[in-house]
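The structure file target_38.txt is reproduced below (compact mmCIF, C-alpha atoms (C1' of nucleotides)).
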```txt
# COMPACT_ATOMS: atom_id res chain seq x y z
CA MET T 29 13.14 41.45 -16.23
CA PRO T 30 9.58 41.59 -14.95
CA TYR T 31 9.71 39.24 -12.00
CA ARG T 32 12.31 38.62 -9.34
CA ALA T 33 11.89 36.74 -6.05
CA THR T 34 11.78 39.17 -3.18
CA GLU T 35 12.24 38.74 0.53
CA ARG T 36 8.55 38.84 1.16
CA THR T 37 7.59 36.24 -1.46
CA GLU T 38 10.44 34.07 -0.30
CA ALA T 39 9.13 34.25 3.25
CA ARG T 40 5.64 33.39 2.09
CA ARG T 41 6.97 30.40 0.20
CA THR T 42 8.88 29.18 3.22
CA ALA T 43 5.86 29.70 5.43
CA THR T 44 3.70 27.53 3.18
CA ARG T 45 6.35 24.87 3.08
CA GLU T 46 6.57 24.89 6.85
CA ARG T 47 2.82 24.69 7.12
CA ILE T 48 2.87 21.56 4.97
CA VAL T 49 5.64 19.95 7.00
CA GLY T 50 3.81 20.88 10.19
CA ALA T 51 0.54 19.41 8.97
CA ALA T 52 2.31 16.21 7.95
CA HIS T 53 4.00 16.00 11.33
CA GLU T 54 0.70 16.38 13.16
CA LEU T 55 -0.90 13.66 11.08
CA VAL T 56 2.01 11.31 11.71
CA ALA T 57 1.94 12.07 15.42
CA GLY T 58 -1.77 11.39 15.41
CA GLY T 59 -2.00 8.24 13.35
CA GLY T 60 1.37 7.28 11.96
CA PHE T 61 2.66 7.60 8.42
CA GLY T 62 -0.15 5.39 7.23
CA ALA T 63 -2.72 7.99 8.16
CA ALA T 64 -0.89 10.73 6.35
CA SER T 65 -1.96 10.76 2.72
CA VAL T 66 -0.92 13.64 0.52
CA ALA T 67 -4.55 14.71 0.26
CA ALA T 68 -4.92 14.73 4.06
CA VAL T 69 -1.72 16.71 4.52
CA ALA T 70 -2.81 19.25 1.94
CA ALA T 71 -6.24 19.63 3.49
CA ARG T 72 -4.78 20.15 6.95
CA ALA T 73 -2.25 22.65 5.66
CA GLY T 74 -5.00 24.48 3.84
CA VAL T 75 -3.60 24.05 0.34
CA ALA T 76 -4.52 21.97 -2.71
CA THR T 77 -2.93 18.56 -3.13
CA GLY T 78 -1.09 19.75 -6.19
CA SER T 79 0.56 22.50 -4.17
CA VAL T 80 2.39 19.97 -2.05
CA TYR T 81 4.30 19.07 -5.19
CA ARG T 82 5.43 22.68 -5.60
CA HIS T 83 7.49 22.18 -2.47
CA PHE T 84 8.39 18.48 -2.53
CA SER T 85 9.08 16.36 -5.54
CA SER T 86 7.34 13.37 -4.02
CA LYS T 87 5.50 12.14 -0.99
CA ALA T 88 8.54 10.17 0.12
CA GLU T 89 10.69 13.27 0.11
CA LEU T 90 8.21 15.18 2.23
CA PHE T 91 7.99 12.42 4.78
CA ALA T 92 11.70 11.86 4.85
CA GLU T 93 11.99 15.46 6.00
CA VAL T 94 9.23 15.04 8.56
CA PHE T 95 10.94 11.95 9.90
CA ARG T 96 14.35 13.58 10.02
CA ARG T 97 13.11 16.55 12.01
CA ALA T 98 11.07 14.54 14.49
CA ALA T 99 13.86 12.05 15.01
CA GLN T 100 16.45 14.74 15.53
CA ARG T 101 14.37 16.29 18.25
CA GLU T 102 14.20 12.95 20.07
CA VAL T 103 17.85 12.13 19.70
CA ASP T 104 18.87 15.57 20.91
CA ALA T 105 16.78 15.13 24.02
CA VAL T 106 18.42 11.80 24.84
CA ALA T 107 21.88 12.97 23.90
CA ALA T 108 21.59 15.80 26.42
CA ALA T 109 21.21 13.33 29.27
CA PRO T 110 24.20 13.17 31.61
CA ASP T 111 23.87 9.50 32.50
CA LEU T 112 22.16 6.27 31.51
CA ALA T 113 19.23 6.52 33.90
CA THR T 114 18.40 10.03 32.75
CA GLY T 115 18.74 9.05 29.11
CA VAL T 116 16.46 6.06 29.50
CA GLU T 117 13.93 8.08 31.42
CA THR T 118 13.96 10.81 28.80
CA PHE T 119 13.48 8.30 26.03
CA ALA T 120 10.66 6.57 27.84
CA ARG T 121 8.82 9.67 29.01
CA ARG T 122 8.87 11.23 25.59
CA ALA T 123 7.78 8.03 23.88
CA LEU T 124 4.91 7.50 26.31
CA ALA T 125 3.82 11.10 25.88
CA GLY T 126 3.53 10.54 22.14
CA ARG T 127 3.08 6.85 21.51
CA ARG T 128 1.89 7.18 17.98
CA LEU T 129 4.87 9.26 17.04
CA ALA T 130 7.25 6.92 18.85
CA TRP T 131 5.73 4.01 17.03
CA ALA T 132 6.05 5.78 13.71
CA LEU T 133 9.69 6.55 14.37
CA LEU T 134 10.65 3.17 15.75
CA ALA T 135 8.57 0.52 14.08
CA GLU T 136 6.00 1.57 11.54
CA PRO T 137 6.62 0.22 8.07
CA VAL T 138 7.48 3.06 5.75
CA ASP T 139 8.64 3.92 2.28
CA PRO T 140 12.25 2.93 1.55
CA VAL T 141 13.28 6.56 1.29
CA VAL T 142 11.91 7.22 4.76
CA GLU T 143 13.38 3.95 5.99
CA ALA T 144 16.79 5.30 5.12
CA GLU T 145 16.16 8.14 7.55
CA ARG T 146 15.16 5.64 10.18
CA LEU T 147 18.45 3.83 9.77
CA ALA T 148 20.28 7.06 10.48
CA PHE T 149 17.93 7.71 13.37
CA ARG T 150 18.60 4.38 15.02
CA ARG T 151 22.30 4.79 14.60
CA ALA T 152 22.10 8.24 16.17
CA TYR T 153 20.18 6.83 19.09
CA ARG T 154 22.68 4.08 19.62
CA ASP T 155 25.47 6.59 19.46
CA ALA T 156 23.75 8.71 22.06
CA PHE T 157 23.53 5.74 24.38
CA ARG T 158 27.00 4.55 23.59
CA ARG T 159 28.43 7.73 24.96
CA VAL T 160 27.23 6.70 28.42
CA VAL T 161 27.31 2.93 28.15
CA GLY T 162 30.27 0.93 27.01
CA ASP T 163 29.90 -0.63 23.59
CA GLU T 164 27.84 -0.63 20.44
CA LEU T 165 26.03 -3.86 21.12
CA THR T 166 24.88 -2.81 24.54
CA ALA T 167 23.62 0.44 23.11
CA ALA T 168 21.68 -1.43 20.43
CA ALA T 169 20.22 -3.73 23.04
CA LEU T 170 19.13 -0.74 25.06
CA VAL T 171 17.31 0.82 22.14
CA GLY T 172 15.65 -2.50 21.35
CA ALA T 173 14.72 -3.30 24.91
CA ILE T 174 13.25 0.11 25.59
CA GLY T 175 11.41 0.08 22.28
CA GLU T 176 9.89 -3.33 22.83
CA VAL T 177 8.76 -2.55 26.32
CA LEU T 178 7.28 0.77 25.26
CA VAL T 179 5.87 0.53 21.78
CA GLY T 180 5.40 -3.20 21.72
CA PRO T 181 2.72 -4.93 23.77
CA LEU T 182 2.05 -1.88 25.87
CA SER T 183 1.31 0.50 23.03
CA PRO T 184 -2.48 0.06 22.78
CA THR T 185 -3.62 2.82 25.07
CA ARG T 186 -4.11 1.66 28.59
CA PRO T 187 -5.39 4.38 30.91
CA ASP T 188 -4.56 2.13 33.85
CA LEU T 189 -0.86 2.12 33.07
CA ASP T 190 1.33 3.40 35.88
CA GLU T 191 3.90 5.34 33.92
CA ASP T 192 6.12 6.16 36.87
CA ALA T 193 6.37 2.53 37.88
CA LEU T 194 7.05 1.44 34.33
CA VAL T 195 9.79 4.01 33.87
CA ALA T 196 11.35 3.05 37.17
CA ASP T 197 11.36 -0.63 36.25
CA LEU T 198 12.75 0.15 32.85
CA VAL T 199 15.60 2.18 34.30
CA THR T 200 16.44 -0.65 36.68
CA LEU T 201 16.41 -3.07 33.79
CA CYS T 202 18.63 -0.90 31.63
CA LYS T 203 21.13 -0.40 34.40
CA ARG T 204 21.62 -4.13 34.46
CA LEU T 205 22.61 -4.02 30.83
CA GLU T 206 25.32 -1.52 31.66
CA ALA T 207 28.04 -4.00 32.49
CA MET U 15 -27.58 -36.98 -5.21
CA PRO U 16 -24.92 -37.00 -7.92
CA TYR U 17 -21.93 -35.49 -6.14
CA ARG U 18 -20.52 -36.03 -2.68
CA ALA U 19 -17.09 -35.08 -1.34
CA THR U 20 -14.93 -38.13 -1.04
CA GLU U 21 -11.73 -38.83 0.82
CA ARG U 22 -9.65 -38.47 -2.29
CA THR U 23 -11.11 -35.13 -3.39
CA GLU U 24 -10.82 -33.90 0.16
CA ALA U 25 -7.15 -34.84 0.17
CA ARG U 26 -6.60 -33.11 -3.13
CA ARG U 27 -8.26 -29.98 -1.81
CA THR U 28 -6.10 -30.00 1.29
CA ALA U 29 -3.01 -30.58 -0.80
CA THR U 30 -3.73 -27.55 -2.96
CA ARG U 31 -4.40 -25.46 0.11
CA GLU U 32 -1.10 -26.55 1.58
CA ARG U 33 0.67 -25.79 -1.63
CA ILE U 34 -0.70 -22.26 -1.50
CA VAL U 35 0.31 -21.77 2.13
CA GLY U 36 3.73 -23.20 1.33
CA ALA U 37 4.22 -20.90 -1.64
CA ALA U 38 3.19 -17.91 0.45
CA HIS U 39 5.61 -18.94 3.20
CA GLU U 40 8.47 -19.21 0.75
CA LEU U 41 7.76 -15.81 -0.69
CA VAL U 42 7.61 -14.27 2.78
CA ALA U 43 10.82 -15.99 3.79
CA GLY U 44 12.43 -14.67 0.65
CA GLY U 45 11.25 -11.10 0.58
CA GLY U 46 8.82 -10.43 3.38
CA PHE U 47 5.08 -9.98 3.23
CA GLY U 48 5.55 -7.04 0.91
CA ALA U 49 6.93 -9.31 -1.79
CA ALA U 50 4.06 -11.74 -1.51
CA SER U 51 1.23 -10.59 -3.74
CA VAL U 52 -1.69 -12.89 -4.34
CA ALA U 53 -0.67 -13.19 -7.98
CA ALA U 54 2.88 -14.20 -7.01
CA VAL U 55 1.64 -16.75 -4.50
CA ALA U 56 -0.71 -18.27 -7.05
CA ALA U 57 2.00 -18.44 -9.69
CA ARG U 58 4.41 -20.14 -7.32
CA ALA U 59 1.78 -22.58 -6.15
CA GLY U 60 0.92 -23.35 -9.76
CA VAL U 61 -2.71 -22.21 -9.59
CA ALA U 62 -4.68 -19.25 -10.92
CA THR U 63 -5.07 -16.20 -8.73
CA GLY U 64 -8.77 -16.81 -8.46
CA SER U 65 -8.13 -20.25 -7.01
CA VAL U 66 -6.50 -18.74 -3.96
CA TYR U 67 -9.91 -17.35 -3.10
CA ARG U 68 -11.41 -20.84 -3.17
CA HIS U 69 -9.33 -21.59 -0.11
CA PHE U 70 -9.06 -18.24 1.67
CA SER U 71 -11.65 -15.53 1.81
CA SER U 72 -9.02 -12.81 1.59
CA LYS U 73 -5.34 -12.17 1.31
CA ALA U 74 -5.21 -11.15 4.96
CA GLU U 75 -6.66 -14.45 6.06
CA LEU U 76 -4.11 -16.40 4.06
CA PHE U 77 -1.21 -14.46 5.47
CA ALA U 78 -2.54 -14.61 8.99
CA GLU U 79 -2.29 -18.37 8.68
CA VAL U 80 1.19 -18.19 7.19
CA PHE U 81 2.29 -15.96 10.03
CA ARG U 82 0.74 -18.13 12.69
CA ARG U 83 2.47 -21.26 11.46
CA ALA U 84 5.87 -19.68 11.01
CA ALA U 85 5.69 -17.97 14.38
CA GLN U 86 4.64 -21.12 16.16
CA ARG U 87 7.64 -22.96 14.79
CA GLU U 88 9.96 -20.27 16.16
CA VAL U 89 8.32 -20.07 19.54
CA ASP U 90 8.38 -23.83 19.94
CA ALA U 91 12.08 -23.88 19.24
CA VAL U 92 12.80 -21.27 21.90
CA ALA U 93 10.37 -22.75 24.38
CA ALA U 94 12.21 -26.05 24.21
CA ALA U 95 15.41 -24.44 25.50
CA PRO U 96 16.35 -25.46 29.04
CA ASP U 97 17.95 -22.18 30.04
CA LEU U 98 18.34 -18.56 29.04
CA ALA U 99 21.60 -18.90 27.16
CA THR U 100 20.26 -21.75 25.07
CA GLY U 101 17.04 -19.90 24.39
CA VAL U 102 18.83 -16.76 23.28
CA GLU U 103 21.17 -18.73 21.11
CA THR U 104 18.32 -20.64 19.52
CA PHE U 105 16.47 -17.41 18.80
CA ALA U 106 19.53 -15.75 17.35
CA ARG U 107 20.73 -18.66 15.24
CA ARG U 108 17.36 -19.21 13.71
CA ALA U 109 16.85 -15.52 13.02
CA LEU U 110 20.26 -15.18 11.40
CA ALA U 111 19.65 -18.25 9.31
CA GLY U 112 16.50 -16.65 7.93
CA ARG U 113 16.81 -12.92 8.30
CA ARG U 114 14.04 -12.05 5.93
CA LEU U 115 11.62 -14.29 7.74
CA ALA U 116 12.73 -13.01 11.13
CA TRP U 117 12.25 -9.48 9.95
CA ALA U 118 8.79 -10.30 8.60
CA LEU U 119 7.80 -11.86 11.89
CA LEU U 120 9.29 -9.23 14.14
CA ALA U 121 9.11 -5.89 12.42
CA GLU U 122 7.67 -5.72 8.95
CA PRO U 123 4.54 -3.62 8.70
CA VAL U 124 1.60 -5.83 7.90
CA ASP U 125 -2.13 -5.89 7.50
CA PRO U 126 -4.05 -5.40 10.77
CA VAL U 127 -5.36 -8.94 10.62
CA VAL U 128 -1.81 -10.26 10.41
CA GLU U 129 -0.70 -7.77 13.03
CA ALA U 130 -3.09 -9.42 15.45
CA GLU U 131 -1.20 -12.66 14.94
CA ARG U 132 2.02 -10.84 15.64
CA LEU U 133 0.70 -9.62 18.94
CA ALA U 134 0.00 -13.19 19.95
CA PHE U 135 3.41 -14.19 18.65
CA ARG U 136 5.25 -11.62 20.74
CA ARG U 137 3.31 -12.57 23.80
CA ALA U 138 4.17 -16.21 23.22
CA TYR U 139 7.84 -15.33 22.87
CA ARG U 140 7.82 -13.33 26.06
CA ASP U 141 6.11 -16.18 27.84
CA ALA U 142 8.74 -18.57 26.59
CA PHE U 143 11.47 -16.35 27.99
CA ARG U 144 9.59 -15.65 31.17
CA ARG U 145 9.70 -19.30 32.07
CA VAL U 146 13.46 -19.06 32.45
CA VAL U 147 13.89 -15.42 33.44
CA GLY U 148 12.04 -13.77 36.25
CA ASP U 149 9.41 -11.31 35.18
CA GLU U 150 7.38 -10.06 32.26
CA LEU U 151 9.31 -6.86 31.75
CA THR U 152 12.66 -8.58 31.58
CA ALA U 153 11.26 -11.03 29.08
CA ALA U 154 9.96 -8.18 26.91
CA ALA U 155 13.31 -6.44 27.13
CA LEU U 156 15.00 -9.64 26.02
CA VAL U 157 12.81 -9.97 22.96
CA GLY U 158 13.37 -6.33 22.10
CA ALA U 159 17.09 -6.37 22.70
CA ILE U 160 17.66 -9.51 20.67
CA GLY U 161 15.42 -8.26 17.90
CA GLU U 162 17.13 -4.90 17.65
CA VAL U 163 20.58 -6.38 17.60
CA LEU U 164 19.61 -8.97 15.03
CA VAL U 165 17.08 -7.56 12.61
CA GLY U 166 17.88 -3.92 13.18
CA PRO U 167 21.10 -2.37 11.97
CA LEU U 168 22.67 -5.71 11.20
CA SER U 169 19.98 -7.00 8.89
CA PRO U 170 21.35 -5.79 5.56
CA THR U 171 23.37 -8.80 4.53
CA ARG U 172 26.95 -8.58 5.63
CA PRO U 173 29.05 -11.52 4.54
CA ASP U 174 31.76 -10.33 6.90
CA LEU U 175 29.61 -10.81 9.97
CA ASP U 176 31.03 -13.19 12.56
CA GLU U 177 27.92 -14.97 13.66
CA ASP U 178 29.53 -16.95 16.44
CA ALA U 179 31.01 -13.85 18.00
CA LEU U 180 27.74 -12.00 17.70
CA VAL U 181 25.78 -14.78 19.31
CA ALA U 182 28.31 -15.08 22.11
CA ASP U 183 28.14 -11.35 22.80
CA LEU U 184 24.39 -11.42 22.67
CA VAL U 185 24.20 -14.24 25.19
CA THR U 186 26.52 -12.37 27.53
CA LEU U 187 24.37 -9.30 27.17
CA CYS U 188 21.15 -11.15 27.84
CA LYS U 189 22.56 -12.85 30.90
CA ARG U 190 23.10 -9.43 32.40
CA LEU U 191 19.42 -8.73 32.00
CA GLU U 192 18.64 -11.81 34.04
CA ALA U 193 18.65 -10.21 37.47
C1' DC Q 26 -0.82 48.86 -17.22
C1' DG Q 27 1.44 44.57 -19.25
C1' DA Q 28 4.63 40.87 -19.79
C1' DA Q 29 6.95 37.19 -17.45
C1' DG Q 30 7.79 34.17 -13.94
C1' DA Q 31 6.03 31.75 -9.73
C1' DG Q 32 2.74 29.81 -6.91
C1' DG Q 33 -1.87 27.61 -6.54
C1' DT Q 34 -5.73 24.60 -7.89
C1' DG Q 35 -8.18 20.19 -8.05
C1' DA Q 36 -10.15 17.15 -11.36
C1' DA Q 37 -8.28 13.70 -14.38
C1' DT Q 38 -4.97 10.23 -14.95
C1' DC Q 39 -1.96 6.35 -13.61
C1' DA Q 40 -0.22 2.59 -11.13
C1' DT Q 41 -0.64 -1.13 -8.25
C1' DG Q 42 -2.75 -4.95 -6.62
C1' DA Q 43 -6.78 -7.15 -4.47
C1' DT Q 44 -11.13 -9.15 -5.60
C1' DT Q 45 -14.81 -10.82 -8.65
C1' DC Q 46 -17.20 -13.63 -11.97
C1' DA Q 47 -18.81 -15.87 -16.21
C1' DC Q 48 -17.12 -19.84 -17.94
C1' DT Q 49 -14.71 -24.29 -18.25
C1' DT Q 50 -13.22 -28.53 -16.33
C1' DC Q 51 -13.34 -32.21 -13.08
C1' DT Q 52 -15.85 -35.81 -9.85
C1' DT Q 53 -19.35 -38.51 -8.22
C1' DG Q 54 -23.27 -41.50 -7.92
C1' DG Q 55 -27.53 -42.88 -10.24
C1' DC R 10 -23.73 -41.31 -20.10
C1' DC R 11 -26.07 -37.60 -17.35
C1' DA R 12 -27.03 -34.13 -13.90
C1' DA R 13 -25.30 -31.63 -10.08
C1' DG R 14 -22.06 -29.90 -7.23
C1' DA R 15 -17.16 -28.47 -6.63
C1' DA R 16 -12.88 -26.54 -8.02
C1' DG R 17 -10.08 -23.98 -11.41
C1' DT R 18 -9.24 -20.15 -14.53
C1' DG R 19 -7.61 -15.51 -15.66
C1' DA R 20 -9.20 -11.41 -17.76
C1' DA R 21 -12.02 -7.60 -16.20
C1' DT R 22 -13.23 -4.72 -12.53
C1' DC R 23 -12.57 -1.96 -8.28
C1' DA R 24 -10.36 0.60 -4.82
C1' DT R 25 -6.94 3.40 -3.16
C1' DG R 26 -3.93 6.94 -3.41
C1' DA R 27 0.03 9.20 -5.66
C1' DT R 28 1.12 12.20 -9.41
C1' DT R 29 0.22 15.24 -13.33
C1' DC R 30 -1.35 19.18 -15.87
C1' DA R 31 -4.02 22.76 -18.23
C1' DC R 32 -5.64 26.69 -16.38
C1' DC R 33 -5.81 30.63 -12.84
C1' DT R 34 -4.16 34.20 -9.90
C1' DC R 35 -0.62 36.87 -7.80
C1' DT R 36 3.95 39.62 -7.83
C1' DT R 37 7.38 42.22 -9.68
C1' DC R 38 9.23 45.81 -12.32
C1' DG R 39 9.90 48.41 -16.78
```
What do you get writing this file as structure tokens?
Amino acid sequence: MPYRATERTEARRTATRERIVGAAHELVAGGGFGAASVAAVAARAGVATGSVYRHFSSKAELFAEVFRRAAQREVDAVAAAPDLATGVETFARRALAGRRLAWALLAEPVDPVVEAERLAFRRAYRDAFRRVVGDELTAAALVGAIGEVLVGPLSPTRPDLDEDALVADLVTLCKRLEA
Amino acid sequence: MPYRATERTEARRTATRERIVGAAHELVAGGGFGAASVAAVAARAGVATGSVYRHFSSKAELFAEVFRRAAQREVDAVAAAPDLATGVETFARRALAGRRLAWALLAEPVDPVVEAERLAFRRAYRDAFRRVVGDELTAAALVGAIGEVLVGPLSPTRPDLDEDALVADLVTLCKRLEA
DNA sequence: CGAAGAGGTGAATCATGATTCACTTCTTGG
DNA sequence: CCAAGAAGTGAATCATGATTCACCTCTTCG
């Protein structure tokens, strides 16, 4: 039995895989899923395009994982908030700090396989909000309202945007939703 | 000078153009912009694919027009509402009656040229709501909240959905946003 | 070292769908 | 009817980008 996977080769394999996921994440955060072609991901990760397929059976599978990880990070941050105002502020601050990523997670059109992850993501977000607000519908409205205000008309970069004021207004607005 | 456009040929030309726009609209209303290929539009309109290009210089231009018309119809309906509750109800009823179309107008990823129309569309919607509610931000939140509740998690067809109850809840929710 | 299995490569191939274009078919007015 | 200017046609062409694959190189262990 000439070859057997060893700890070191296993680690190397995992490292390459992580490098690919990381490169994909950076591209998504920089220009959305649309800017992340397999060729671009491979180039950024420093591997050949074919190598990506040694770790993921398809582009959709790779990006589903990228989406899942990024979304989980966001949801965790909001879920850790003790009250509505803090949750809203966390959501907003993080989204404004990475608008492209927020847009990719919330609104960008994506492959059906990735879309399935988004569904789970939205549900998780609503659940996070529902723990502090009353019902499901209010939680959904919160996610929608915050999303529209943030990644909608305001998303094209405006250097003149007063983030603090926006966040404050948004929190006020969201409090009103909390019956 | 052997040939000159006449009223009749002009009318025929317009009619064909309208047929193409109509076919495109139907396809979008049935399956979103993604389901509307130039070939499919041409087939439905009863013309050859090449003929579409006699009336529109590109696919994007055709769909920008489709979007603009559909969006205007929606905005007009909401703008005619005398108060917030009526406006919200109008928005919701119409969206629920044509979920695919609502999704295409509100959230589906589209060509940049069409996206520009969407930007105008959202602004118009916010303006319509702003006339009855106080400020810009509240109006944006309304559009987002309604959109999320309607075309978000609820969009996959559910025959068991109680529309009346949903609309009633939504109106209640939106009234809270109205400071 | 040598065989076997695994990872890596990147040019070639495929798939999808928009766009073009050489050609045919109307329309019109002389 | 004829010439000239549209409009119509749809198969061929292009563009883009994912996926494959024949061929290397590296690791492991007898």
Using only C-alpha atoms (C1' of nucleotides), which residues sit within 9 Å of region 41-55 of chain Q once same-chain residues fewer than 5 positions away are excluded, as a VMD selection string? (chain U and resid 15 to 20 23 51 to 53 64 67 72 to 73) or (chain R and resid 11 14 to 18 21 to 24)
Find the spatial neighbours of Leu178 (chain T), counting all atoms listed in the file, within a cut-off of 12 Å - ignore same-chain residues fewer than 4 positions away - and output them as a ChimeraX atom specification. /T:116-117,119-128,130-131,134-135,170-174,182-186,189,191,194-195,197-198 /U:151,154-155,158
Between C1' of DA27 (chain R) and CA of Arg96 (chain T), distance in Å (one decimal): 21.7 Å
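Here CA of Gly58 (chain T) and CA of Arg150 (chain T) stand 21.5 Å from one another.
C1' of DC32 (chain R) to C1' of DA31 (chain Q) spans 14.4 Å [interatomic distance, one decimal].
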Identify, on the basis of only C-alpha atoms (C1' of nucleotides), every residue whose closest approach to Ile34 (chain U) does not exceed 12 Å; exclude the query and any residue fewer than 2 positions from it along the same chain; express the result as an mmCIF file with C-alpha atoms, in the coordinates of the input.
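The resulting file, selection30.cif, is reproduced below:
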```
data_model
loop_
_atom_site.group_PDB
_atom_site.id
_atom_site.type_symbol
_atom_site.label_atom_id
_atom_site.label_comp_id
_atom_site.auth_asym_id
_atom_site.auth_seq_id
_atom_site.Cartn_x
_atom_site.Cartn_y
_atom_site.Cartn_z
ATOM 1 C CA ARG U 27 -8.260 -29.980 -1.810
ATOM 2 C CA THR U 28 -6.100 -30.000 1.290
ATOM 3 C CA ALA U 29 -3.010 -30.580 -0.800
ATOM 4 C CA THR U 30 -3.730 -27.550 -2.960
ATOM 5 C CA ARG U 31 -4.400 -25.460 0.110
ATOM 6 C CA GLU U 32 -1.100 -26.550 1.580
ATOM 7 C CA GLY U 36 3.730 -23.200 1.330
ATOM 8 C CA ALA U 37 4.220 -20.900 -1.640
ATOM 9 C CA ALA U 38 3.190 -17.910 0.450
ATOM 10 C CA HIS U 39 5.610 -18.940 3.200
ATOM 11 C CA GLU U 40 8.470 -19.210 0.750
ATOM 12 C CA LEU U 41 7.760 -15.810 -0.690
ATOM 13 C CA ALA U 50 4.060 -11.740 -1.510
ATOM 14 C CA VAL U 52 -1.690 -12.890 -4.340
ATOM 15 C CA ALA U 53 -0.670 -13.190 -7.980
ATOM 16 C CA ALA U 54 2.880 -14.200 -7.010
ATOM 17 C CA VAL U 55 1.640 -16.750 -4.500
ATOM 18 C CA ALA U 56 -0.710 -18.270 -7.050
ATOM 19 C CA ALA U 57 2.000 -18.440 -9.690
ATOM 20 C CA ARG U 58 4.410 -20.140 -7.320
ATOM 21 C CA ALA U 59 1.780 -22.580 -6.150
ATOM 22 C CA GLY U 60 0.920 -23.350 -9.760
ATOM 23 C CA VAL U 61 -2.710 -22.210 -9.590
ATOM 24 C CA ALA U 62 -4.680 -19.250 -10.920
ATOM 25 C CA THR U 63 -5.070 -16.200 -8.730
ATOM 26 C CA GLY U 64 -8.770 -16.810 -8.460
ATOM 27 C CA SER U 65 -8.130 -20.250 -7.010
ATOM 28 C CA VAL U 66 -6.500 -18.740 -3.960
ATOM 29 C CA TYR U 67 -9.910 -17.350 -3.100
ATOM 30 C CA ARG U 68 -11.410 -20.840 -3.170
ATOM 31 C CA HIS U 69 -9.330 -21.590 -0.110
ATOM 32 C CA PHE U 70 -9.060 -18.240 1.670
ATOM 33 C CA LYS U 73 -5.340 -12.170 1.310
ATOM 34 C CA LEU U 76 -4.110 -16.400 4.060
ATOM 35 C CA PHE U 77 -1.210 -14.460 5.470
ATOM 36 C CA GLU U 79 -2.290 -18.370 8.680
ATOM 37 C CA VAL U 80 1.190 -18.190 7.190
#
```
As an NGL selection string, could you give me every residue of chain R near chain T (at most 9 Å apart, counting only C-alpha atoms (C1' of nucleotides))? :R and (26-29 or 36-39)
Give me, as a PyMOL selection string, the residues of chain Q touching chain T, with the criterion being at most 9 Å (counting all atoms listed in the file). chain Q and resi 28-35
